[in-house]
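What follows is the content of work.csv, which has CSV, C-alpha atoms:
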```csv
chain,number,residue,atom,x,y,z
A,1,MET,CA,152.5,108.8,97.3
A,2,ARG,CA,150.8,110.7,100.2
A,3,VAL,CA,151.8,114.0,98.5
A,4,ILE,CA,150.0,112.9,95.3
A,5,VAL,CA,146.9,112.0,97.3
A,6,LEU,CA,147.0,115.3,99.1
A,7,VAL,CA,147.2,117.2,95.7
A,8,LEU,CA,144.3,115.2,94.3
A,9,GLY,CA,142.3,115.8,97.5
A,10,LEU,CA,142.8,119.5,97.2
A,11,MET,CA,141.6,119.4,93.6
A,12,LEU,CA,138.5,117.5,94.7
A,13,LEU,CA,137.7,119.8,97.6
A,14,GLY,CA,138.2,122.8,95.3
A,15,GLY,CA,135.4,121.7,93.0
A,16,CYS,CA,133.0,120.3,95.6
A,17,GLY,CA,131.0,123.5,96.1
A,18,SER,CA,129.0,123.1,92.9
A,19,PRO,CA,125.3,122.7,93.6
A,20,ARG,CA,123.5,119.5,92.8
A,21,GLU,CA,120.4,119.5,90.7
A,22,ARG,CA,117.5,120.4,92.9
A,23,ILE,CA,114.4,118.2,93.3
A,24,THR,CA,111.3,120.4,92.9
A,25,GLY,CA,107.7,119.6,93.8
A,26,CYS,CA,106.4,117.8,96.8
A,27,ALA,CA,104.7,114.8,95.4
A,28,ALA,CA,104.8,111.3,96.9
A,29,LEU,CA,106.6,108.5,95.1
A,30,GLY,CA,104.8,105.3,95.8
A,31,GLU,CA,104.9,104.7,99.6
A,32,LEU,CA,107.5,107.5,100.1
A,33,LYS,CA,105.8,110.7,101.2
A,34,PRO,CA,107.6,114.0,101.5
A,35,ILE,CA,106.3,116.5,104.1
A,36,CYS,CA,107.4,120.0,103.0
A,37,GLY,CA,107.6,123.3,104.8
A,38,PHE,CA,110.8,122.7,106.8
A,39,SER,CA,114.3,124.3,106.5
A,40,ARG,CA,117.3,121.9,106.7
A,41,PRO,CA,115.6,119.5,109.2
A,42,GLU,CA,118.9,117.8,110.1
A,43,ASP,CA,118.0,115.9,113.3
A,44,MET,CA,114.9,114.8,115.2
A,45,GLU,CA,113.6,113.2,118.3
A,46,VAL,CA,110.2,111.6,119.0
A,47,LEU,CA,108.5,112.9,122.1
A,48,GLY,CA,106.9,110.9,124.9
A,49,ASP,CA,103.5,110.8,123.1
A,50,ALA,CA,105.1,108.7,120.3
A,51,ARG,CA,103.5,111.0,117.7
A,52,THR,CA,105.2,114.4,117.9
A,53,LEU,CA,108.7,115.0,116.5
A,54,LEU,CA,111.1,117.7,117.8
A,55,ILE,CA,113.1,118.7,114.7
A,56,SER,CA,116.3,120.7,114.6
A,57,GLU,CA,116.3,123.0,111.6
A,58,MET,CA,119.9,124.0,110.9
A,59,GLY,CA,120.8,127.5,109.9
A,60,SER,CA,122.9,128.3,106.8
A,61,SER,CA,126.3,130.1,106.8
A,62,GLN,CA,126.1,130.3,103.0
A,63,PHE,CA,122.8,132.2,103.1
A,64,GLY,CA,123.3,133.9,106.5
A,65,SER,CA,120.1,132.6,108.0
A,66,PRO,CA,119.6,131.3,111.5
A,67,GLY,CA,117.9,128.0,112.4
A,68,SER,CA,115.1,126.9,114.8
A,69,LEU,CA,113.5,124.1,116.6
A,70,ALA,CA,110.1,122.9,115.4
A,71,LEU,CA,107.4,120.4,116.4
A,72,PHE,CA,105.8,118.1,113.9
A,73,ASP,CA,102.6,116.2,114.7
A,74,THR,CA,102.8,113.0,112.7
A,75,ARG,CA,99.0,112.5,112.8
A,76,SER,CA,97.7,115.9,111.7
A,77,GLU,CA,101.0,116.6,109.8
A,78,THR,CA,101.1,120.2,111.2
A,79,ILE,CA,104.4,122.0,111.8
A,80,THR,CA,104.8,124.4,114.8
A,81,ARG,CA,108.0,126.4,114.7
A,82,LEU,CA,109.1,127.4,118.2
A,83,PRO,CA,110.0,131.0,119.0
A,84,GLN,CA,113.6,132.1,119.3
A,85,PHE,CA,114.9,132.0,122.9
A,86,THR,CA,115.7,135.5,124.1
A,87,GLU,CA,114.5,135.6,127.7
A,88,PRO,CA,116.9,134.8,130.6
A,89,SER,CA,115.9,131.8,132.7
A,90,ASP,CA,114.8,131.7,136.4
A,91,GLU,CA,116.8,128.4,136.8
A,92,TYR,CA,120.1,127.6,135.2
A,93,TRP,CA,121.4,124.2,134.1
A,94,GLY,CA,125.0,123.9,132.7
A,95,GLN,CA,127.7,126.4,133.3
A,96,ALA,CA,127.0,129.0,136.1
A,97,SER,CA,128.4,131.7,133.8
A,98,CYS,CA,126.0,131.1,131.0
A,99,THR,CA,123.0,133.3,131.8
A,100,THR,CA,122.3,134.7,128.3
A,101,PRO,CA,120.0,132.9,125.8
A,102,PRO,CA,121.4,132.3,122.3
A,103,GLY,CA,119.0,134.8,120.8
A,104,THR,CA,117.9,135.2,117.2
A,105,ALA,CA,121.2,133.8,115.9
A,106,PHE,CA,120.3,130.4,117.3
A,107,SER,CA,121.3,127.6,114.8
A,108,PRO,CA,120.8,124.1,116.2
A,109,HIS,CA,122.5,121.0,114.9
A,110,GLY,CA,122.3,117.7,116.8
A,111,ILE,CA,119.7,117.4,119.5
A,112,ASP,CA,118.9,115.0,122.4
A,113,LEU,CA,115.8,114.4,124.5
A,114,SER,CA,116.1,112.8,128.0
A,115,ARG,CA,114.7,112.8,131.5
A,116,ARG,CA,116.6,114.6,134.2
A,117,LYS,CA,117.1,113.0,137.6
A,118,ASP,CA,114.1,115.0,139.0
A,119,GLY,CA,111.9,113.6,136.2
A,120,ARG,CA,111.7,116.8,134.1
A,121,TRP,CA,112.3,116.5,130.3
A,122,GLN,CA,115.5,118.0,129.0
A,123,VAL,CA,116.4,118.9,125.5
A,124,LEU,CA,120.1,119.5,124.5
A,125,ALA,CA,120.9,121.2,121.3
A,126,VAL,CA,124.3,121.8,119.7
A,127,ASN,CA,124.3,125.4,118.6
A,128,HIS,CA,126.5,127.2,116.0
A,129,GLY,CA,124.7,130.5,115.9
A,130,GLY,CA,126.4,133.4,117.8
A,131,ARG,CA,128.4,131.0,119.9
A,132,GLU,CA,129.6,127.4,119.7
A,133,SER,CA,127.6,125.8,122.6
A,134,VAL,CA,125.3,123.1,123.9
A,135,GLU,CA,122.1,124.7,124.9
A,136,PHE,CA,119.8,123.4,127.6
A,137,PHE,CA,116.0,123.5,127.4
A,138,GLU,CA,113.2,122.2,129.6
A,139,LEU,CA,110.3,120.6,127.7
A,140,SER,CA,106.9,120.8,129.3
A,141,ASP,CA,103.4,119.9,128.2
A,142,ASN,CA,100.2,121.7,129.3
A,143,SER,CA,96.8,122.6,128.0
A,144,ALA,CA,98.3,124.9,125.5
A,145,GLY,CA,100.6,122.2,124.1
A,146,TYR,CA,104.4,121.6,124.3
A,147,HIS,CA,106.6,124.4,125.5
A,148,LEU,CA,110.4,124.8,125.5
A,149,GLU,CA,112.1,127.1,128.1
A,150,TRP,CA,115.8,127.9,127.8
A,151,ARG,CA,117.7,126.8,130.9
A,152,GLY,CA,121.4,127.6,130.2
A,153,CYS,CA,124.3,126.4,128.2
A,154,VAL,CA,127.8,124.9,128.2
A,155,LEU,CA,130.6,126.4,126.1
A,156,PRO,CA,133.0,123.6,125.0
A,157,PRO,CA,136.8,123.9,124.9
A,158,ALA,CA,138.1,126.6,122.6
A,159,ASP,CA,138.1,125.9,118.8
A,160,SER,CA,135.5,123.1,119.2
A,161,TYR,CA,133.2,122.4,116.3
A,162,LEU,CA,130.4,120.1,117.6
A,163,ASN,CA,128.0,117.9,115.8
A,164,ASP,CA,125.8,115.7,118.0
A,165,VAL,CA,125.1,115.4,121.7
A,166,VAL,CA,123.6,112.8,124.1
A,167,ALA,CA,122.7,113.2,127.8
A,168,ILE,CA,124.3,110.9,130.4
A,169,PRO,CA,121.7,109.4,132.8
A,170,GLU,CA,123.5,110.6,136.0
A,171,GLY,CA,124.1,114.1,134.6
A,172,GLY,CA,126.2,115.9,132.0
A,173,PHE,CA,126.5,114.9,128.4
A,174,LEU,CA,128.7,113.6,125.6
A,175,ALA,CA,129.2,115.6,122.4
A,176,THR,CA,131.1,114.9,119.2
A,177,HIS,CA,133.8,117.4,118.2
A,178,MET,CA,134.3,117.1,114.4
A,179,TYR,CA,137.5,119.1,113.9
A,180,PRO,CA,139.1,122.4,114.9
A,181,LYS,CA,136.8,125.1,113.7
A,182,SER,CA,139.6,127.6,112.9
A,183,GLY,CA,141.7,125.1,110.9
A,184,PRO,CA,143.3,126.3,107.6
A,185,THR,CA,141.0,126.4,104.6
A,186,PHE,CA,141.3,125.9,100.9
A,187,ARG,CA,138.6,127.6,98.8
A,188,SER,CA,136.4,127.8,102.0
A,189,ILE,CA,137.0,124.1,102.8
A,190,ASN,CA,138.5,123.3,106.2
A,191,LEU,CA,141.6,121.2,105.5
A,192,HIS,CA,140.9,119.0,108.5
A,193,LEU,CA,138.3,117.4,106.2
A,194,LEU,CA,141.1,116.4,103.8
A,195,LYS,CA,143.1,115.1,106.8
A,196,GLY,CA,140.1,112.9,107.6
A,197,MET,CA,139.8,111.6,104.1
A,198,LEU,CA,143.4,110.5,104.3
A,199,GLY,CA,142.6,108.4,107.3
A,200,PHE,CA,143.7,110.6,110.1
A,201,ALA,CA,141.7,111.4,113.2
A,202,THR,CA,140.3,114.9,113.2
A,203,GLY,CA,138.2,115.0,116.4
A,204,HIS,CA,136.9,113.1,119.4
A,205,VAL,CA,134.1,112.9,121.9
A,206,VAL,CA,133.9,115.5,124.6
A,207,HIS,CA,132.5,114.8,128.1
A,208,CYS,CA,131.0,117.7,130.0
A,209,ASP,CA,129.8,117.4,133.6
A,210,ASP,CA,126.8,119.1,135.3
A,211,ALA,CA,129.0,122.1,136.1
A,212,GLY,CA,130.2,122.5,132.5
A,213,GLY,CA,133.7,121.1,132.9
A,214,CYS,CA,134.7,119.4,129.6
A,215,ASN,CA,137.4,116.9,128.7
A,216,ALA,CA,138.2,114.7,125.7
A,217,VAL,CA,137.1,111.1,126.2
A,218,ALA,CA,139.9,108.6,125.8
A,219,GLY,CA,139.7,106.1,122.9
A,220,THR,CA,137.3,108.2,120.9
A,221,ALA,CA,139.6,109.9,118.3
A,222,THR,CA,138.4,109.3,114.8
A,223,ALA,CA,138.0,110.9,111.3
A,224,PHE,CA,135.1,113.4,111.6
A,225,PRO,CA,133.1,112.2,114.6
A,226,ASN,CA,129.4,112.7,113.7
A,227,GLY,CA,126.4,111.1,115.4
A,228,ILE,CA,126.5,109.6,118.9
A,229,GLN,CA,124.2,107.5,121.0
A,230,LEU,CA,124.5,106.1,124.5
A,231,ALA,CA,123.1,102.7,125.9
A,232,HIS,CA,120.4,103.1,128.5
A,233,ASP,CA,122.7,102.2,131.3
A,234,GLY,CA,125.1,105.1,130.3
A,235,ARG,CA,128.1,102.7,130.1
A,236,THR,CA,128.4,102.2,126.4
A,237,MET,CA,128.5,104.8,123.6
A,238,PHE,CA,128.2,104.4,119.9
A,239,VAL,CA,130.3,106.9,117.9
A,240,ASN,CA,129.9,107.5,114.2
A,241,GLY,CA,133.2,108.2,112.4
A,242,TYR,CA,131.9,109.8,109.2
A,243,LEU,CA,135.1,109.9,107.3
A,244,ALA,CA,136.3,106.7,108.9
A,245,GLY,CA,133.3,104.8,107.6
A,246,GLU,CA,132.5,103.0,110.8
A,247,VAL,CA,130.4,103.0,113.9
A,248,ARG,CA,132.4,102.3,117.1
A,249,LYS,CA,131.1,100.7,120.3
A,250,ILE,CA,133.2,102.2,123.1
A,251,SER,CA,132.9,101.8,126.9
A,252,PHE,CA,132.3,104.9,128.9
A,253,PRO,CA,134.2,106.4,130.7
A,254,GLU,CA,137.1,104.0,130.2
A,255,GLY,CA,137.2,104.4,126.4
A,256,ARG,CA,137.8,100.7,125.5
A,257,LEU,CA,136.9,99.7,122.0
A,258,LEU,CA,134.2,97.0,122.2
A,259,GLY,CA,133.2,96.5,118.6
A,260,VAL,CA,133.0,98.1,115.1
A,261,ALA,CA,130.5,98.1,112.4
A,262,LYS,CA,131.5,99.2,108.9
A,263,VAL,CA,129.1,101.8,107.5
A,264,ASP,CA,129.6,104.2,104.7
A,265,ALA,CA,129.7,107.8,106.0
A,266,PRO,CA,127.5,107.3,109.0
A,267,ASP,CA,125.6,110.5,110.1
A,268,ASN,CA,123.1,110.4,112.9
A,269,SER,CA,121.8,107.4,114.9
A,270,ARG,CA,118.5,106.7,116.6
A,271,TRP,CA,117.1,103.8,118.5
A,272,ASP,CA,114.2,101.9,117.0
A,273,ALA,CA,111.3,100.3,118.9
A,274,ASP,CA,113.3,97.0,119.2
A,275,GLY,CA,116.4,98.6,120.7
A,276,ARG,CA,118.5,98.5,117.5
A,277,LEU,CA,120.4,101.5,116.1
A,278,LEU,CA,119.2,103.0,112.9
A,279,VAL,CA,122.1,104.9,111.2
A,280,ALA,CA,121.7,107.3,108.3
A,281,SER,CA,124.5,106.5,105.8
A,282,HIS,CA,125.6,108.6,102.8
A,283,THR,CA,126.5,106.2,100.1
A,284,GLY,CA,127.4,108.6,97.3
A,285,SER,CA,130.7,110.6,96.9
A,286,TYR,CA,131.7,113.4,99.2
A,287,THR,CA,131.4,115.7,96.3
A,288,ASP,CA,127.7,114.8,95.9
A,289,SER,CA,127.1,115.4,99.6
A,290,ARG,CA,128.9,118.7,99.6
A,291,GLY,CA,126.9,120.0,96.7
A,292,CYS,CA,123.7,119.5,98.7
A,293,TYR,CA,124.6,122.3,101.1
A,294,LEU,CA,123.6,124.9,98.5
A,295,ILE,CA,120.0,123.7,98.3
A,296,SER,CA,117.6,125.5,100.5
A,297,GLU,CA,114.3,124.9,98.6
A,298,GLY,CA,113.2,121.6,97.2
A,299,ALA,CA,115.4,118.7,98.0
A,300,CYS,CA,118.8,117.1,97.2
A,301,GLY,CA,118.8,113.6,95.7
A,302,ALA,CA,122.2,112.4,97.0
A,303,ALA,CA,122.2,108.6,97.6
A,304,PHE,CA,121.8,107.3,101.1
A,305,ALA,CA,120.9,104.2,103.1
A,306,ILE,CA,119.5,103.4,106.5
A,307,VAL,CA,121.6,100.8,108.3
A,308,GLU,CA,120.4,98.8,111.2
A,309,ILE,CA,123.0,97.7,113.9
A,310,ASP,CA,122.5,95.1,116.6
A,311,PRO,CA,124.2,96.9,119.6
A,312,ARG,CA,125.2,93.6,121.2
A,313,THR,CA,127.0,92.0,118.3
A,314,MET,CA,127.6,95.1,116.1
A,315,GLN,CA,126.3,93.1,113.1
A,316,SER,CA,124.7,95.5,110.5
A,317,ARG,CA,122.4,95.3,107.6
A,318,THR,CA,121.0,97.8,105.2
A,319,VAL,CA,117.2,98.0,105.6
A,320,PHE,CA,116.4,100.9,103.2
A,321,ARG,CA,118.3,102.5,100.3
A,322,HIS,CA,117.3,105.4,98.1
A,323,ALA,CA,118.5,108.2,95.8
A,324,GLY,CA,116.6,111.0,94.0
A,325,ALA,CA,113.0,112.1,94.3
A,326,PRO,CA,111.2,112.8,96.6
A,327,MET,CA,114.3,113.3,98.9
A,328,GLY,CA,117.9,112.2,99.3
A,329,ALA,CA,120.8,113.1,101.6
A,330,ALA,CA,119.1,111.7,104.7
A,331,THR,CA,120.8,112.5,108.0
A,332,VAL,CA,118.6,110.7,110.5
A,333,ALA,CA,115.9,108.0,110.7
A,334,GLN,CA,113.5,108.3,113.7
A,335,GLN,CA,110.7,105.7,114.2
A,336,ALA,CA,107.3,107.1,115.2
A,337,GLY,CA,104.4,104.6,115.1
A,338,ASP,CA,104.3,102.6,111.9
A,339,ALA,CA,106.8,104.7,110.0
A,340,LEU,CA,110.3,106.1,109.8
A,341,TYR,CA,110.8,109.8,109.4
A,342,LEU,CA,113.9,110.9,107.7
A,343,GLY,CA,115.6,114.4,108.0
A,344,SER,CA,118.2,116.0,105.9
A,345,TYR,CA,120.8,118.8,106.1
A,346,ALA,CA,119.6,120.3,102.8
A,347,GLY,CA,116.2,121.4,101.5
A,348,ASP,CA,112.7,121.9,102.7
A,349,ARG,CA,111.4,118.5,103.7
A,350,ILE,CA,111.3,115.4,105.7
A,351,LEU,CA,110.4,112.0,104.3
A,352,ARG,CA,107.9,109.5,105.7
A,353,VAL,CA,108.8,105.9,105.0
A,354,PRO,CA,106.3,103.3,106.2
A,355,LEU,CA,107.7,100.3,108.0
A,356,THR,CA,106.2,98.2,105.2
A,357,ALA,CA,108.9,99.6,102.9
A,358,ILE,CA,111.7,98.6,105.2
A,359,SER,CA,113.5,95.3,104.6
A,360,ALA,CA,112.0,92.6,106.9
A,361,ARG,CA,114.1,91.1,109.6
A,362,PRO,CA,113.6,88.6,112.5
A,363,ARG,CA,111.9,90.3,115.4
A,364,THR,CA,113.4,89.9,118.9
A,365,PRO,CA,111.5,87.2,120.9
```
Taking this structure as input, can you express it in the form of structure tokens?
Amino acid sequence: MRVIVLVLGLMLLGGCGSPRERITGCAALGELKPICGFSRPEDMEVLGDARTLLISEMGSSQFGSPGSLALFDTRSETITRLPQFTEPSDEYWGQASCTTPPGTAFSPHGIDLSRRKDGRWQVLAVNHGGRESVEFFELSDNSAGYHLEWRGCVLPPADSYLNDVVAIPEGGFLATHMYPKSGPTFRSINLHLLKGMLGFATGHVVHCDDAGGCNAVAGTATAFPNGIQLAHDGRTMFVNGYLAGEVRKISFPEGRLLGVAKVDAPDNSRWDADGRLLVASHTGSYTDSRGCYLISEGACGAAFAIVEIDPRTMQSRTVFRHAGAPMGAATVAQQAGDALYLGSYAGDRILRVPLTAISARPRTP
């Protein structure tokens, strides 16, 4: 029986590179407002002013283009694309041997914003361009506005293929390793993806300390680890198993399973203003999602949902569901003020969803 499933899976993967129909135009649909001018805005973080978003624009291996980090002011709706990082630092964080910036090949994926022990703001970015790495940046704010300075990197274990990253309060970080990057392929599809579809673990969470030493975290193996978040005390992590269809609550560093929420294809997670997790979930087929990768202009309309999870009980509920125009294929939901801002791994836009369009729920007393 498993051989039959394997053959059917290979047939599915073989046909899943066909592009989906592209959404053109940038008009609002009711309360849903697209903001165009981005390039694959896959992940985002709200800065300390509660109005500016730091956005990770993924590069594209299909089109041979690098990515970038950008700032978006949610009030003026202006986009500021940050320069590529080519200058060495005068102070290095991470591995002592990493003294060369990622350069123009820089292609960020998951990002994280946190305060270091000395109070300075730190940005971590998973990078696939030129090298597989987690890049360190210092974020500062002066009269000229926000500024990012490259501070070093950590190279993960060989053959890693990272997705998301989160800083640990006492130093170091956790990152999700999706599957071995050099795995066998079928029509350009890494067969570890098929392994994940069949229910097998393909990756795990990696813990890297301040000096850049990295090890797999016990109890975190799952099918295609994707987004990751950490409780404020640094003792509990929330790991999204994309192909496992669940968000796992796991103690750190022990690796004990503390709870599970069933969520269709969970991508990235962000905390809302009430301390709940907001998880971007892909509710269509894998074929639909895969077809979005070929869209660089306009938007993909693949179905998605935003799922809210109570981190104490792991109870979940869908608070927003959408497909089609003005944007689908959401990968992250970040609250800023009175709205959620949604990113995507495809297309040229983010989507503003006012909180009034989000399903009501009881507020925490």
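Take the candidates A:Gly301, A:Gly48, A:Pro41, A:Pro266 and check each one against A:Asp141 using all atoms listed in the file; the shortest distance goes to A:Gly48.
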Set the distance at 12 Å and use only C-alpha atoms: which residues neighbour A:Phe38 once local chain neighbours fewer than 3 positions away are removed? I'd like the list as a PDB file with C-alpha atoms, in the coordinates of the input.
```
ATOM      1  CA  CYS A  26     106.400 117.800  96.800  1.00  0.00           C
ATOM      2  CA  PRO A  34     107.600 114.000 101.500  1.00  0.00           C
ATOM      3  CA  ILE A  35     106.300 116.500 104.100  1.00  0.00           C
ATOM      4  CA  PRO A  41     115.600 119.500 109.200  1.00  0.00           C
ATOM      5  CA  GLU A  42     118.900 117.800 110.100  1.00  0.00           C
ATOM      6  CA  ASP A  43     118.000 115.900 113.300  1.00  0.00           C
ATOM      7  CA  ILE A  55     113.100 118.700 114.700  1.00  0.00           C
ATOM      8  CA  SER A  56     116.300 120.700 114.600  1.00  0.00           C
ATOM      9  CA  GLU A  57     116.300 123.000 111.600  1.00  0.00           C
ATOM     10  CA  MET A  58     119.900 124.000 110.900  1.00  0.00           C
ATOM     11  CA  GLY A  59     120.800 127.500 109.900  1.00  0.00           C
ATOM     12  CA  GLY A  67     117.900 128.000 112.400  1.00  0.00           C
ATOM     13  CA  SER A  68     115.100 126.900 114.800  1.00  0.00           C
ATOM     14  CA  LEU A  69     113.500 124.100 116.600  1.00  0.00           C
ATOM     15  CA  ALA A  70     110.100 122.900 115.400  1.00  0.00           C
ATOM     16  CA  LEU A  71     107.400 120.400 116.400  1.00  0.00           C
ATOM     17  CA  PHE A  72     105.800 118.100 113.900  1.00  0.00           C
ATOM     18  CA  GLU A  77     101.000 116.600 109.800  1.00  0.00           C
ATOM     19  CA  THR A  78     101.100 120.200 111.200  1.00  0.00           C
ATOM     20  CA  ILE A  79     104.400 122.000 111.800  1.00  0.00           C
ATOM     21  CA  THR A  80     104.800 124.400 114.800  1.00  0.00           C
ATOM     22  CA  ARG A  81     108.000 126.400 114.700  1.00  0.00           C
ATOM     23  CA  SER A 296     117.600 125.500 100.500  1.00  0.00           C
ATOM     24  CA  GLU A 297     114.300 124.900  98.600  1.00  0.00           C
ATOM     25  CA  GLY A 298     113.200 121.600  97.200  1.00  0.00           C
ATOM     26  CA  ALA A 299     115.400 118.700  98.000  1.00  0.00           C
ATOM     27  CA  GLY A 343     115.600 114.400 108.000  1.00  0.00           C
ATOM     28  CA  SER A 344     118.200 116.000 105.900  1.00  0.00           C
ATOM     29  CA  TYR A 345     120.800 118.800 106.100  1.00  0.00           C
ATOM     30  CA  ALA A 346     119.600 120.300 102.800  1.00  0.00           C
ATOM     31  CA  GLY A 347     116.200 121.400 101.500  1.00  0.00           C
ATOM     32  CA  ASP A 348     112.700 121.900 102.700  1.00  0.00           C
ATOM     33  CA  ARG A 349     111.400 118.500 103.700  1.00  0.00           C
ATOM     34  CA  ILE A 350     111.300 115.400 105.700  1.00  0.00           C
ATOM     35  CA  LEU A 351     110.400 112.000 104.300  1.00  0.00           C
TER      36      LEU A 351
END
```
Long-range neighbours of A:Asp310 as a ChimeraX atom specification, 8 Å cut-off, all atoms listed in the file, 5 positions minimum in chain
/A:276-277,315-316
Which polymer residues have any atom within 7 Å of an atom of stretch 101-113 of chain A, counting all atoms listed in the file, with same-chain residues fewer than 4 positions away left out, as number ranges by chain?
A: 42-45, 56-59, 66-68, 84-88, 122-130, 150, 163-167
Find the spatial neighbours of A:Phe320, counting only C-alpha atoms, within a cut-off of 7 Å - ignore same-chain residues fewer than 3 positions away - and output them as a count of residues only.
4
Shell around A:Ala223 at 12 Å using all atoms listed in the file, local window under 4 positions removed, as a PyMOL selection string
chain A and resi 176-179+192-205+239-248+265-266
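Across the structure, atom CA of A:Ile228 and atom CA of A:Ser269 are spaced 6.6 Å apart.
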Interatomic distance between atom CA of A:Gln335 and atom CA of A:Val46?
7.6 Å
Of the candidates A:Leu191, A:Leu174, A:Cys300, A:Ile309, which shows the shortest atom-to-atom distance to A:Lys249, using all atoms listed in the file?
A:Ile309
Option closest in space to A:Ala280, from A:Gln229, A:Thr331, A:Thr313, A:Thr236 [counting all atoms listed in the file]
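Looking only at the distances to A:Ala280, the closest residue turns out to be A:Thr331.
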Coordinates-based distance that separates atom CA of A:Ala231 from atom CA of A:Thr356 (Å, one decimal):
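Computing it gives 27.1 Å between the two atoms.
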